[in-house]
Amino acid sequence: MKAADINDTAHAVEAAAVMRLLPAPPRLLALGEPEHGEDTLLDLRNELFRQLVEEEGYRTIAIESDCMRGLVVDDYVTSGTGTLDEVMERGFSHGWGASAANRELVRWMRAYNARADNDGRPASERLRFAGFDGPLEMAAAASPRQALTALHGYLAARVDADLLPCTGETLDRLLGTDDRWTDPAVMMDPAQSVGQSAEAAQLRLFTDDLMALLDMHTPHLRATTSQDDWDRARLYGRTATGLLRYHHWMADTSPARLTRLCAQRDLMMAHNLLALADRSPVLVHAHNAHLQREKSSMRMGGMRLEWWSAGALVSDRLGEEYAFVATALGTIRHQGVDTPPPDTLEGLLYALPEDRCVLDAPRLAATLGDTRPAPRVSPWFGYAPLDPAHLDGIDGIVFVKDVPGQRG
C-alpha cells in the first residue's frame, strides 16, 4: 500500500469537508485528540468550530472539562459575567485554563455573542460553552456538595417544603467537610474514603428522592422556570448522582475498583452529552478514547482495564446522529515521538503530501481491505496511536503530520 493509493480520500481540514464525510448532519459531532496539552490541536479545534458556527449553524461546543466549572465559562460567553482572567482560572478542570488556545476560544465566543449591533445576539443565536466531564481529577473527585445543595435549593424555591426529603441543614450535616471527599490519599487507599459510609448511603437516597421530585413536578417546573435553570437543575442532579456513585466505588476494595471508576467517569460524560444533544448541533472535543465507538482500555497498576467509552454509550443511543472524527499525529518530537514507521497507519498517512488533512475513514478502510497496517507503538505514554483495527468505527480522521513544541 502506497500513499498514492489513499490520496483521493484526503481533503483539506475544513468544516465543509468534515460534513461531507457524514451521511446526515449529526446532533453531536465528536472531534477526538490522541493526546492532551498541545495547543496546536486546540487551535485546529477552534478553527473548525468557527467554521461550523459560521457555515453550519453550530452554537455549542462541549469539551473534556468539569461540567460544573463549565457553567462559569458559559455565563461569561453568554452574558459577560466576570472577567476573562477569572473565567480561565475558575472555569476549567485538568489545568486546561492555562492553555492559550482555550483562552482564545473563550475570548472569541464572548466577542461573537457581544458583536451584533452592540446589543448582543438574541439568546437563540448565542454561542454556548459546556464542560461534559464529571468534577473529577486523576487523583481525586470533588465533594458532591455544590451539585447536591444547588439541586436542593432549586426545588426548595419551587415546591412545597413538606415534599422535600430533607432540609438543607441535614444535607450539610451528612456532607461534613469537603476535604473528607477530596483527600487525594483515597485514590491509593480505599479505606480512607467516605463513599460507603452511612452518611454517603443516606445522601444517595436523598439524591434519588430529589431527582424523583424533579421528575414528578416537571410540568410545573418547566412552565415556571427558564430553560437554562431547568437544564442546570438536571445537570446538578446528574452530577450529584454520578459523584456519589463514583465515591462509592472509590471505597471499594475489589479487583474491579479501577474499572468501575473509569466506567463511571465515561457514564457521567455520556449522560451530559445526551443532555447537550437537545441543543444540537454540538461540537464535542475530548480524547479519542472517550469518544470512540469501541471499548476503551488502559493499563493501570499492572492490570488491563476495559470499559465502554462515552462515545460508545452515546452512539448506541443516537446512531447516525452521533459522528466521530478521530485525530492522529505523525511526530511530536519534543516528546520523543519521531517519524512513524512506514508500515503503520500513521506512517502511511505521513507519506501524504499535506501537512494536515481530513480523510474519509470508511473509504480508507475499504482501500486497505482486510490487511490493516501494523499498530504503531508510541515511545511516549501520553500519545495514543490510532488502532487500525478500529477504522470501521470512525467516520473521519484528521491527520496532523508534525506537532511543534508548545509556544512560550
# chains A, B, ... in the order shown; residues from 1 in each chain; ligands from 1
call {"tool": "residues_around", "arguments": {"residues": "stretch 213-219 of chain A", "least_positions_apart": "6", "cutoff": "9 Å", "atoms": "only C-alpha atoms", "output": "list in words"}}
result
Leu155, Val159, Leu163, Leu164, Ala233, Arg234 and Gly237 of chain A
call {"tool": "write_last_selection", "arguments": {"atoms": "all heavy atoms", "output": "compact mmCIF listing (two decimals), in the first residue's frame"}}
result
# COMPACT_ATOMS: atom_id res chain seq x y z
N LEU A 155 -35.20 23.11 44.06
CA LEU A 155 -36.50 22.54 44.39
C LEU A 155 -37.14 23.25 45.58
O LEU A 155 -38.36 23.49 45.60
CB LEU A 155 -36.35 21.05 44.68
CG LEU A 155 -36.10 20.18 43.45
CD1 LEU A 155 -35.64 18.78 43.86
CD2 LEU A 155 -37.35 20.09 42.59
N VAL A 159 -41.18 24.07 45.16
CA VAL A 159 -42.19 23.09 45.57
C VAL A 159 -42.42 23.23 47.07
O VAL A 159 -41.62 23.83 47.79
CB VAL A 159 -41.76 21.64 45.24
CG1 VAL A 159 -41.50 21.47 43.75
CG2 VAL A 159 -40.53 21.23 46.03
N LEU A 163 -42.70 18.40 50.76
CA LEU A 163 -42.38 17.39 49.76
C LEU A 163 -40.89 17.06 49.70
O LEU A 163 -40.51 16.02 49.15
CB LEU A 163 -42.86 17.84 48.38
CG LEU A 163 -44.37 18.03 48.23
CD1 LEU A 163 -44.69 18.61 46.85
CD2 LEU A 163 -45.11 16.72 48.44
N LEU A 164 -40.07 17.94 50.24
CA LEU A 164 -38.63 17.71 50.20
C LEU A 164 -38.25 16.56 51.14
O LEU A 164 -38.79 16.46 52.25
CB LEU A 164 -37.87 18.97 50.60
CG LEU A 164 -38.04 20.17 49.68
CD1 LEU A 164 -37.47 21.42 50.33
CD2 LEU A 164 -37.34 19.91 48.35
N ALA A 233 -30.69 22.49 36.67
CA ALA A 233 -31.21 21.62 37.73
C ALA A 233 -30.98 20.15 37.37
O ALA A 233 -30.58 19.34 38.22
CB ALA A 233 -32.68 21.89 37.96
N ARG A 234 -31.22 19.80 36.12
CA ARG A 234 -30.97 18.43 35.68
C ARG A 234 -29.47 18.10 35.76
O ARG A 234 -29.08 17.00 36.15
CB ARG A 234 -31.46 18.22 34.25
CG ARG A 234 -32.92 18.51 34.00
CD ARG A 234 -33.86 17.59 34.72
NE ARG A 234 -33.67 16.18 34.36
CZ ARG A 234 -34.40 15.20 34.87
NH1 ARG A 234 -35.36 15.47 35.74
NH2 ARG A 234 -34.18 13.96 34.50
N GLY A 237 -28.52 17.40 39.32
CA GLY A 237 -28.94 16.07 39.74
C GLY A 237 -28.06 14.97 39.16
O GLY A 237 -27.67 14.03 39.87
call {"tool": "residues_around", "arguments": {"residues": "A:Gly311", "least_positions_apart": "3", "cutoff": "10 Å", "atoms": "only C-alpha atoms", "output": "short mmCIF file (atom, residue, chain, number, x, y, z; two decimals) with C-alpha atoms, in the first residue's frame"}}
result
data_model
loop_
_atom_site.label_atom_id
_atom_site.label_comp_id
_atom_site.auth_asym_id
_atom_site.auth_seq_id
_atom_site.Cartn_x
_atom_site.Cartn_y
_atom_site.Cartn_z
CA ALA A 30 -17.20 14.49 18.18
CA ASP A 266 -17.41 7.85 31.00
CA LEU A 267 -21.01 7.19 32.04
CA MET A 269 -19.73 12.05 30.30
CA ALA A 270 -22.31 10.16 28.25
CA LEU A 273 -23.57 14.59 26.15
CA ASN A 288 -10.16 9.85 21.22
CA ALA A 289 -10.50 7.20 23.94
CA HIS A 290 -13.57 8.92 25.41
CA LEU A 291 -15.28 9.46 22.05
CA GLN A 292 -14.59 6.23 20.16
CA ARG A 293 -17.30 3.67 19.49
CA GLU A 294 -15.08 0.81 20.66
CA LYS A 295 -14.34 -0.14 24.24
CA SER A 296 -11.67 1.95 25.92
CA TRP A 308 -17.39 1.24 27.38
CA VAL A 314 -23.87 7.85 23.13
CA SER A 315 -23.52 6.22 19.71
CA ASP A 316 -25.70 3.34 20.89
CA ARG A 317 -28.44 5.85 21.75
CA TYR A 322 -23.52 10.82 16.60
CA ALA A 323 -20.40 11.25 14.44
CA PHE A 324 -16.81 10.59 15.49
#
call {"tool": "atom_distance", "arguments": {"atom1": "atom CA of A:Ser254", "atom2": "atom CA of A:Leu174"}}
result
25.8 Å
call {"tool": "residues_around", "arguments": {"residues": "stretch 64-77 of chain A", "least_positions_apart": "6", "cutoff": "8 Å", "atoms": "only C-alpha atoms", "output": "PyMOL selection string"}}
result
chain A and resi 83-84+87-88+90-94+96+106-107+109-111+113+127-136+147+285-287
call {"tool": "residues_around", "arguments": {"residues": "A:Met250", "least_positions_apart": "3", "cutoff": "12 Å", "atoms": "only C-alpha atoms", "output": "ChimeraX atom specification"}}
result
/A:136,139-141,181-197,243-247,253-262,264-265
call {"tool": "select_by_dssp", "arguments": {"residues": "stretch 61-212 of chain A", "states": "strand (DSSP E or B)", "output": "MDAnalysis selection string"}}
result
chainID A and resid 61:66 128:133 136 141
call {"tool": "atom_distance", "arguments": {"atom1": "atom CA of A:Asp39", "atom2": "atom CA of A:Thr339"}}
result
20.2 Å
call {"tool": "residues_around", "arguments": {"residues": "stretch 363-373 of chain A", "least_positions_apart": "5", "cutoff": "7 Å", "atoms": "only C-alpha atoms", "output": "PyMOL selection string"}}
result
chain A and resi 6+9+343-345+388+391-392
call {"tool": "write_last_selection", "arguments": {"atoms": "all heavy atoms", "output": "short mmCIF file (atom, residue, chain, number, x, y, z; two decimals), in the first residue's frame"}}
result
data_model
loop_
_atom_site.label_atom_id
_atom_site.label_comp_id
_atom_site.auth_asym_id
_atom_site.auth_seq_id
_atom_site.Cartn_x
_atom_site.Cartn_y
_atom_site.Cartn_z
N ILE A 6 -4.23 6.12 -1.35
CA ILE A 6 -5.26 6.69 -0.47
C ILE A 6 -5.36 8.21 -0.62
O ILE A 6 -6.11 8.85 0.09
CB ILE A 6 -4.98 6.35 1.01
CG1 ILE A 6 -3.63 6.93 1.45
CG2 ILE A 6 -5.01 4.84 1.22
CD1 ILE A 6 -3.38 6.80 2.94
N THR A 9 -8.66 10.03 -0.80
CA THR A 9 -9.54 10.07 0.38
C THR A 9 -9.21 11.24 1.29
O THR A 9 -9.88 11.46 2.29
CB THR A 9 -9.42 8.77 1.20
OG1 THR A 9 -8.14 8.72 1.85
CG2 THR A 9 -9.60 7.55 0.32
N ASP A 343 5.19 1.09 7.88
CA ASP A 343 4.19 0.02 7.81
C ASP A 343 3.05 0.22 8.79
O ASP A 343 2.20 -0.66 8.96
CB ASP A 343 4.86 -1.34 8.06
CG ASP A 343 5.48 -1.45 9.46
OD1 ASP A 343 5.71 -0.40 10.09
OD2 ASP A 343 5.71 -2.59 9.91
N THR A 344 2.99 1.39 9.46
CA THR A 344 1.88 1.70 10.37
C THR A 344 0.89 2.63 9.67
O THR A 344 1.19 3.22 8.61
CB THR A 344 2.39 2.40 11.64
OG1 THR A 344 2.98 3.67 11.28
CG2 THR A 344 3.42 1.54 12.35
N LEU A 345 -0.29 2.78 10.25
CA LEU A 345 -1.29 3.68 9.67
C LEU A 345 -0.77 5.10 9.64
O LEU A 345 -0.89 5.80 8.63
CB LEU A 345 -2.59 3.60 10.48
CG LEU A 345 -3.73 4.51 10.00
CD1 LEU A 345 -4.15 4.17 8.58
CD2 LEU A 345 -4.94 4.40 10.95
N PRO A 388 -5.53 0.62 13.86
CA PRO A 388 -6.08 0.33 12.53
C PRO A 388 -7.27 -0.63 12.57
O PRO A 388 -8.13 -0.60 11.69
CB PRO A 388 -4.90 -0.30 11.79
CG PRO A 388 -3.68 0.12 12.53
CD PRO A 388 -4.10 0.25 13.96
N LEU A 391 -10.83 1.20 12.55
CA LEU A 391 -11.19 2.15 11.49
C LEU A 391 -12.67 2.09 11.14
O LEU A 391 -13.28 3.11 10.78
CB LEU A 391 -10.37 1.87 10.23
CG LEU A 391 -8.96 2.47 10.16
CD1 LEU A 391 -8.29 2.06 8.87
CD2 LEU A 391 -8.99 3.98 10.31
N ASP A 392 -13.26 0.91 11.23
CA ASP A 392 -14.67 0.77 10.84
C ASP A 392 -15.62 1.53 11.76
O ASP A 392 -16.77 1.77 11.39
CB ASP A 392 -15.05 -0.71 10.80
CG ASP A 392 -14.27 -1.49 9.74
OD1 ASP A 392 -14.02 -0.91 8.67
OD2 ASP A 392 -13.90 -2.64 9.99
#
call {"tool": "residues_around", "arguments": {"residues": "stretch 207-209 of chain A", "least_positions_apart": "4", "cutoff": "8 Å", "atoms": "only C-alpha atoms", "output": "short mmCIF file (atom, residue, chain, number, x, y, z; two decimals) with all heavy atoms, in the first residue's frame"}}
result
data_model
loop_
_atom_site.label_atom_id
_atom_site.label_comp_id
_atom_site.auth_asym_id
_atom_site.auth_seq_id
_atom_site.Cartn_x
_atom_site.Cartn_y
_atom_site.Cartn_z
N LEU A 148 -25.30 18.93 44.87
CA LEU A 148 -26.44 18.47 45.67
C LEU A 148 -27.17 19.63 46.33
O LEU A 148 -28.41 19.68 46.34
CB LEU A 148 -25.95 17.47 46.72
CG LEU A 148 -27.00 16.73 47.54
CD1 LEU A 148 -28.08 16.14 46.65
CD2 LEU A 148 -26.34 15.64 48.39
N PRO A 165 -37.34 15.69 50.72
CA PRO A 165 -36.97 14.55 51.57
C PRO A 165 -36.12 14.94 52.78
O PRO A 165 -35.97 14.14 53.71
CB PRO A 165 -36.18 13.65 50.61
CG PRO A 165 -35.59 14.58 49.61
CD PRO A 165 -36.63 15.65 49.42
N LEU A 203 -27.10 10.07 51.74
CA LEU A 203 -27.07 11.12 50.71
C LEU A 203 -27.52 10.56 49.35
O LEU A 203 -28.21 11.25 48.59
CB LEU A 203 -25.66 11.70 50.60
CG LEU A 203 -25.22 12.61 51.74
CD1 LEU A 203 -23.72 12.87 51.66
CD2 LEU A 203 -25.99 13.92 51.72
N LEU A 213 -38.49 13.90 42.69
CA LEU A 213 -39.32 15.09 42.87
C LEU A 213 -39.22 16.00 41.65
O LEU A 213 -40.22 16.58 41.19
CB LEU A 213 -38.87 15.82 44.13
CG LEU A 213 -39.81 16.88 44.72
CD1 LEU A 213 -41.15 16.28 45.09
CD2 LEU A 213 -39.15 17.52 45.95
N GLY A 237 -28.52 17.40 39.32
CA GLY A 237 -28.94 16.07 39.74
C GLY A 237 -28.06 14.97 39.16
O GLY A 237 -27.67 14.03 39.87
N ALA A 240 -24.60 15.18 41.04
CA ALA A 240 -24.65 14.67 42.41
C ALA A 240 -24.77 13.15 42.42
O ALA A 240 -24.07 12.46 43.17
CB ALA A 240 -25.82 15.30 43.17
N THR A 241 -25.63 12.63 41.57
CA THR A 241 -25.80 11.17 41.47
C THR A 241 -24.49 10.51 41.05
O THR A 241 -24.06 9.51 41.64
CB THR A 241 -26.91 10.83 40.46
OG1 THR A 241 -28.15 11.40 40.90
CG2 THR A 241 -27.08 9.33 40.30
#
call {"tool": "select_by_dssp", "arguments": {"residues": "stretch 80-329 of chain A", "states": "alpha helix (DSSP H)", "output": "MDAnalysis selection string"}}
result
chainID A and resid 84:90 100:115 145:156 168:175 179:182 185:188 198:216 218:224 227:250 257:276 288:291 310:318
call {"tool": "residues_around", "arguments": {"residues": "A:Pro26", "least_positions_apart": "6", "cutoff": "10 Å", "atoms": "only C-alpha atoms", "output": "JSON, numbers by chain"}}
result
{"A": [19, 277, 280, 281, 282, 283, 318, 319, 320, 321, 322, 323, 324]}
call {"tool": "atom_distance", "arguments": {"atom1": "atom CA of A:Met138", "atom2": "atom CA of A:Arg333"}}
result
25.8 Å
